[in-house]
Amino acid sequence: MPPYFCRVMNVNIRRAVKSDAASIFFLIRELAIFENEPQAVIVTQAQIEKDGFGARPLFECFVAEVADQVVGMALYYPRYSTWKGPTFHLEDLIVTEPMKGKGIGTLLYQAFLKHAHQEGVERVEWAVLDWNLPAIEFYQKSGASLLDDWRNVQMDKKSIANYILKINS
């Protein structure tokens, strides 16, 4: 992938490799702090290496580099819609705090969407916190739709175990 250029510096957008796991982990922790949930991160760097760069990767990732330092990422994985077919889920689009506002996030977003288009997926999807108004505005300006009639539903590992116990008793 050729280097991309943003407003103030040369930025290289490329596919992540295993040696990027430490940077990916750092960015995940930084995002958790931004989202006021630093204690919620239980994934480890070793797990990122295994899950993203092993024999059967569970995710893919683009990284943004400035002066050979990773300063952002777009982490995604394939999904399947029973109505649409193949889709991608953009789990996180992160730019480190000192580099925000320089166009790096836009470059990552563009690289992800170009890849989705080349892969022929029928849809891309992601979640955004309702208080992250700059992100919401950015996504809407790009042509994305915010779905007010859908709610994210999650069940953590403990809740899954409790449910299994309940149905088995």
# chains A, B, ... in the order shown; residues from 1 in each chain; ligands from 1

call {"tool": "residues_around", "arguments": {"residues": "A:Leu90", "least_positions_apart": "2", "cutoff": "9 Å", "atoms": "only C-alpha atoms", "output": "PDB file with C-alpha atoms, in the first residue's frame"}}
result
ATOM      1  CA  ALA A  74      -8.333   0.349  12.301  1.00  0.00           C
ATOM      2  CA  LEU A  75      -9.055  -3.140  13.647  1.00  0.00           C
ATOM      3  CA  TYR A  76     -11.821  -5.137  11.954  1.00  0.00           C
ATOM      4  CA  TYR A  77     -13.062  -8.656  11.335  1.00  0.00           C
ATOM      5  CA  PRO A  78     -15.370 -10.422   8.889  1.00  0.00           C
ATOM      6  CA  PHE A  88     -16.895  -6.307   7.944  1.00  0.00           C
ATOM      7  CA  ASP A  92     -12.002   0.146  16.698  1.00  0.00           C
ATOM      8  CA  LEU A  93     -10.588   3.126  14.858  1.00  0.00           C
ATOM      9  CA  PHE A 112     -10.518   0.339   5.641  1.00  0.00           C
ATOM     10  CA  VAL A 124     -19.506  -2.403   6.978  1.00  0.00           C
ATOM     11  CA  GLU A 125     -20.688  -1.688  10.481  1.00  0.00           C
ATOM     12  CA  TRP A 126     -19.398  -0.402  13.778  1.00  0.00           C
ATOM     13  CA  ALA A 127     -20.571   1.164  17.015  1.00  0.00           C
TER      14      ALA A 127
END

call {"tool": "residues_around", "arguments": {"residues": "A:Gln69", "least_positions_apart": "6", "cutoff": "12 Å", "atoms": "only C-alpha atoms", "output": "PyMOL selection string"}}
result
chain A and resi 10-13+19-20+22-24+63+95-96+99

call {"tool": "residues_around", "arguments": {"residues": "A:Asn132", "least_positions_apart": "5", "cutoff": "12 Å", "atoms": "only C-alpha atoms", "output": "ChimeraX atom specification"}}
result
/A:34-36,127,137-139

call {"tool": "atom_distance", "arguments": {"atom1": "atom CA of A:Arg79", "atom2": "atom CA of A:Pro57"}}
result
13.3 Å

call {"tool": "select_by_dssp", "arguments": {"residues": "stretch 60-131 of chain A", "states": "strand (DSSP E or B)", "output": "PyMOL selection string"}}
result
chain A and resi 60-66+69-81+85-95+123-125

call {"tool": "residues_around", "arguments": {"residues": "A:Lys18", "least_positions_apart": "6", "cutoff": "10 Å", "atoms": "only C-alpha atoms", "output": "list of chain:residue names"}}
result
A:Ile24, A:Ile48, A:Glu49, A:Lys50, A:Gly52, A:Phe53, A:Gly54

call {"tool": "write_last_selection", "arguments": {"atoms": "C-alpha atoms", "output": "mmCIF file, in the first residue's frame"}}
result
data_model
loop_
_atom_site.group_PDB
_atom_site.id
_atom_site.type_symbol
_atom_site.label_atom_id
_atom_site.label_comp_id
_atom_site.auth_asym_id
_atom_site.auth_seq_id
_atom_site.Cartn_x
_atom_site.Cartn_y
_atom_site.Cartn_z
ATOM 1 C CA ILE A 24 -1.962 -2.343 18.992
ATOM 2 C CA ILE A 48 -3.360 -10.048 20.359
ATOM 3 C CA GLU A 49 -0.351 -11.814 18.820
ATOM 4 C CA LYS A 50 -2.134 -15.181 18.956
ATOM 5 C CA GLY A 52 -4.504 -11.643 15.119
ATOM 6 C CA PHE A 53 -1.405 -13.215 13.677
ATOM 7 C CA GLY A 54 -1.726 -16.951 14.248
#

call {"tool": "select_by_dssp", "arguments": {"residues": "chain A", "states": "alpha helix (DSSP H)", "output": "MDAnalysis selection string"}}
result
chainID A and resid 21:34 45:53 104:119 133:141 157:168

call {"tool": "residues_around", "arguments": {"residues": "stretch 140-152 of chain A", "least_positions_apart": "4", "cutoff": "12 Å", "atoms": "only C-alpha atoms", "output": "list in words"}}
result
Thr106, Tyr109, Gln110, Leu113, Arg123, Val124, Glu125, Trp126, Ala127, Val128, Leu129, Asp130, Leu133, Pro134, Ala135 and Ile136 of chain A

call {"tool": "closest_residue", "arguments": {"among": "A:Glu91, A:Ala64, A:Gln154, A:Gly85", "to": "A:Leu107", "atoms": "only C-alpha atoms"}}
result
A:Ala64

call {"tool": "atom_distance", "arguments": {"atom1": "atom CA of A:Leu31", "atom2": "atom CA of A:Ala116"}}
result
23.4 Å

call {"tool": "closest_residue", "arguments": {"among": "A:Pro86, A:Val66, A:Ile94, A:Arg14", "to": "A:Ile33", "atoms": "only C-alpha atoms"}}
result
A:Ile94

call {"tool": "residues_around", "arguments": {"residues": "A:Arg29", "least_positions_apart": "3", "cutoff": "8 Å", "atoms": "only C-alpha atoms", "output": "ChimeraX atom specification"}}
result
/A:25-26,32-33,38,41

call {"tool": "write_last_selection", "arguments": {"atoms": "C-alpha atoms", "output": "tab-separated table (two decimals), in the first residue's frame"}}
result
chain	number	residue	atom	x	y	z
A	25	PHE	CA	-2.17	-3.18	22.70
A	26	PHE	CA	-1.03	0.35	23.63
A	32	ALA	CA	-10.19	2.48	26.94
A	33	ILE	CA	-8.94	5.53	28.85
A	38	PRO	CA	-9.43	1.63	31.51
A	41	VAL	CA	-9.26	-4.14	29.03
